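**Q** Please find one structure pasted underneath; my questions will follow.
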Amino acid sequence: MNILYNFFNKSIPASVVVAVFSGLFIGTAFGLSIPVIVASNSEKVASYEEVAAQVMVEDVLRIAGRSGTEETGLSYVTLPGIQKYDGPRLAQTMPIETKETWLSWMSRNRRDDPVFLEERWQWAQDLVLSSELKRPEDVRAFLLTPREHFVRAVNKGLEYANTWLPIGYGATITDPDVVSMMTTTLNVQPGDKVLEIGTGSGYQSAILSYLTKDVYTIEIIRPLFIETDALYRDLEKNFPSYSVINRKLGDGYYGWEEFAPFDKIIVTCAIDHIPPPLLRQLSPGGIMVLPLGPPNRQYIMEIVKKEAEDGSITLSRRDVYNGQSVKFIPFRDESGMSYSTPLPPEDINLP
Ligand code: SAH
């Protein structure tokens, strides 16, 4: 896969960077996505040689111009005008009528560890039976996403267990049934631009990359962002749809203004109100799915934004689990403080 991981240190003038690249330029095929990672500090994520081996000089020039727009943190974005890998098309070509036809297609077209395939098939059938996965598109996305790579090694054996699992830094990979329910509710169409808040393990965005080519995700914990970014880079060799996942280190409360509006927004950390910037960045007619509620319990809400001709906005909301609560880790700011109002002490142990 053609990947550019760059580390434009702001102290290096773009002209110097371009000169270095030009000298080392080897060339690459057109038509593949060329994401770029931009760091505002001097963190090294790839060597000049690695980068130069994979990029056209013209792209370097465009990227160099672009790097100046990132003021904080790390981000990884696919450049506009570059053809992106078509995960939804791959998903459509995969037969799912019987386990045998699916397994044979998987063994011909992918490099998954066969040990997990049987397990993944059965698990997806269970999610369909429980009605948490409804659309064939979503079933396909779940069947294509190797959860075993996103669950951490310490939880070996639990890759397809129906439970959330710790992934370090106080974060978790969400329970598969909740991921299914939220994905089903999001109703992603192939052309949708989707924003996820809380990249975490990267699993949810990996699923999304088989539903649309336009995926954006934000994570606030720096080492987790770096870990998951490295994981995607590694996995892209066998699972190229992850190259369409644009990712940013930052506070998702403020969304990703540069790429707004989004047709769909999925929030995977708990909050007791809808962040106004996210609501603003949601397209008219767009859907936001988020765990809404006090710190000790949340309800998965589907929010639909409607804009009248006079510009007035109305929201409709639906509790997708109809009263059953879930518990997500807090939506927090850069200092680690939760965005939700703390509970009074007498409420802390309420179910
Ligand atoms: N979607 C993830 C679930 C991660 S758990 C997955 O598929 O694995 C929730 C994540 O939200 C955590 O990684 C946490 O660090 C992140 N988070 C919390 N507050 C955030 C914020 N303000 N901006 C972005 N991410 C945030």
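Chain labels follow the order of the structure tokens: the first chain is A, the next B, and so on; residue numbering restarts at 1 in every chain, and ligands are counted from 1 in their shown order.
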Would you please give, as a ChimeraX atom specification, all residues of stretch 50-249 of chain A that DSSP assigns to helix (DSSP H, G or I) based on the backbone?

**A** /A:50-52,57-67,87-93,99-109,114-129,136-144,147-149,153-155,176-186,203-208,222-235,240-244

**Q** Counting only C-alpha atoms and all ligand atoms, which protein, DNA or RNA residues come within 9 Å of ligand 1, given as a PyMOL selection string?

**A** chain A and resi 150-151+164-175+179+196-207+217-222+224-225+248-255+266-270+328-334+336+338-339

**Q** Between A:Glu309, A:Glu137, A:Glu159, A:Glu100, which is the closest to A:Val115 once you count only C-alpha atoms?

**A**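 Looking only at the distances to A:Val115, the closest residue turns out to be A:Glu159.
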
**Q** DSSP on the backbone: what in stretch 151-216 of chain A comes out strand (DSSP E), as a list in words?

**A**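 Strand (DSSP E) assignments inside stretch 151-216 of chain A correspond to Leu165, Pro166, Ile167, Gly168, Ala171, Thr172, Ile173, Lys193, Val194, Leu195, Glu196, Ile197, Asp214, Val215 and Tyr216 of chain A.
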
**Q** Let's have the selection written as an mmCIF file, in the first residue's frame, with C-alpha atoms.

**A**
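Contents of the output file out.cif:
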```cif
data_model
loop_
_atom_site.group_PDB
_atom_site.id
_atom_site.type_symbol
_atom_site.label_atom_id
_atom_site.label_comp_id
_atom_site.auth_asym_id
_atom_site.auth_seq_id
_atom_site.Cartn_x
_atom_site.Cartn_y
_atom_site.Cartn_z
ATOM 1 C CA LEU A 165 -12.017 -5.261 27.231
ATOM 2 C CA PRO A 166 -9.305 -2.929 28.538
ATOM 3 C CA ILE A 167 -6.845 -1.591 25.959
ATOM 4 C CA GLY A 168 -4.628 0.373 28.354
ATOM 5 C CA ALA A 171 -9.658 3.043 27.671
ATOM 6 C CA THR A 172 -11.650 0.053 26.422
ATOM 7 C CA ILE A 173 -12.649 -1.675 23.212
ATOM 8 C CA LYS A 193 -18.608 11.243 5.618
ATOM 9 C CA VAL A 194 -18.427 9.758 9.105
ATOM 10 C CA LEU A 195 -16.709 11.132 12.210
ATOM 11 C CA GLU A 196 -15.911 8.986 15.241
ATOM 12 C CA ILE A 197 -14.981 10.500 18.595
ATOM 13 C CA ASP A 214 -14.744 8.778 4.154
ATOM 14 C CA VAL A 215 -13.885 7.986 7.773
ATOM 15 C CA TYR A 216 -12.518 10.465 10.356
#
```

**Q** With the cut-off set at 9 Å and counting only C-alpha atoms, tabulate each residue of stretch 294-315 of chain A with an atom at most that distance from an atom of stretch 342-346 of chain A, showing the nearest atom pair and its distance in Å to one decimal, ordered by chain and increasing number, as CSV.

**A**
```
residue,atom,partner,partner_atom,distance
A:Pro294,CA,A:Leu343,CA,7.2
A:Pro295,CA,A:Leu343,CA,6.9
A:Asn296,CA,A:Leu343,CA,8.2
```

**Q** Which of these, A:Lys327, A:Lys237, A:Arg108, A:Arg247, has the shortest distance to A:Thr163 once you count only C-alpha atoms?

**A**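 Looking at the shortest contact to A:Thr163, the residue is A:Lys327.
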
**Q** Could you jot down the atom CA of A:Asp192 to atom CA of A:Leu74 separation for me, Å, one decimal place?

**A**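 Spanning atom CA of A:Asp192 to atom CA of A:Leu74 is a straight-line distance of 24.1 Å.
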
**Q** Excluding A:Glu132 and any residue of its chain fewer than 3 positions from it, enumerate the residues within 8 Å of it, using only C-alpha atoms, and give them as an mmCIF file with N, CA and C atoms, in the first residue's frame.

**A**
```cif
data_model
loop_
_atom_site.group_PDB
_atom_site.id
_atom_site.type_symbol
_atom_site.label_atom_id
_atom_site.label_comp_id
_atom_site.auth_asym_id
_atom_site.auth_seq_id
_atom_site.Cartn_x
_atom_site.Cartn_y
_atom_site.Cartn_z
ATOM 1 N N LEU A 127 -24.995 -11.992 16.467
ATOM 2 C CA LEU A 127 -25.364 -10.568 16.491
ATOM 3 C C LEU A 127 -26.574 -10.302 15.592
ATOM 4 N N VAL A 128 -26.707 -11.080 14.533
ATOM 5 C CA VAL A 128 -27.884 -10.941 13.670
ATOM 6 C C VAL A 128 -29.114 -11.479 14.413
ATOM 7 N N LEU A 129 -28.939 -12.639 15.079
ATOM 8 C CA LEU A 129 -30.064 -13.234 15.813
ATOM 9 C C LEU A 129 -30.569 -12.322 16.916
ATOM 10 N N ASP A 177 -21.691 -6.215 20.979
ATOM 11 C CA ASP A 177 -23.126 -5.969 20.742
ATOM 12 C C ASP A 177 -23.431 -4.470 20.724
ATOM 13 N N VAL A 178 -22.729 -3.695 21.541
ATOM 14 C CA VAL A 178 -22.960 -2.245 21.525
ATOM 15 C C VAL A 178 -22.388 -1.638 20.235
ATOM 16 N N SER A 180 -22.278 -3.158 17.431
ATOM 17 C CA SER A 180 -23.256 -3.533 16.402
ATOM 18 C C SER A 180 -24.449 -2.593 16.425
ATOM 19 N N MET A 181 -24.976 -2.373 17.616
ATOM 20 C CA MET A 181 -26.173 -1.547 17.749
ATOM 21 C C MET A 181 -25.887 -0.116 17.283
ATOM 22 N N THR A 184 -25.444 -0.160 13.431
ATOM 23 C CA THR A 184 -26.747 -0.325 12.782
ATOM 24 C C THR A 184 -27.508 0.998 12.796
#
```
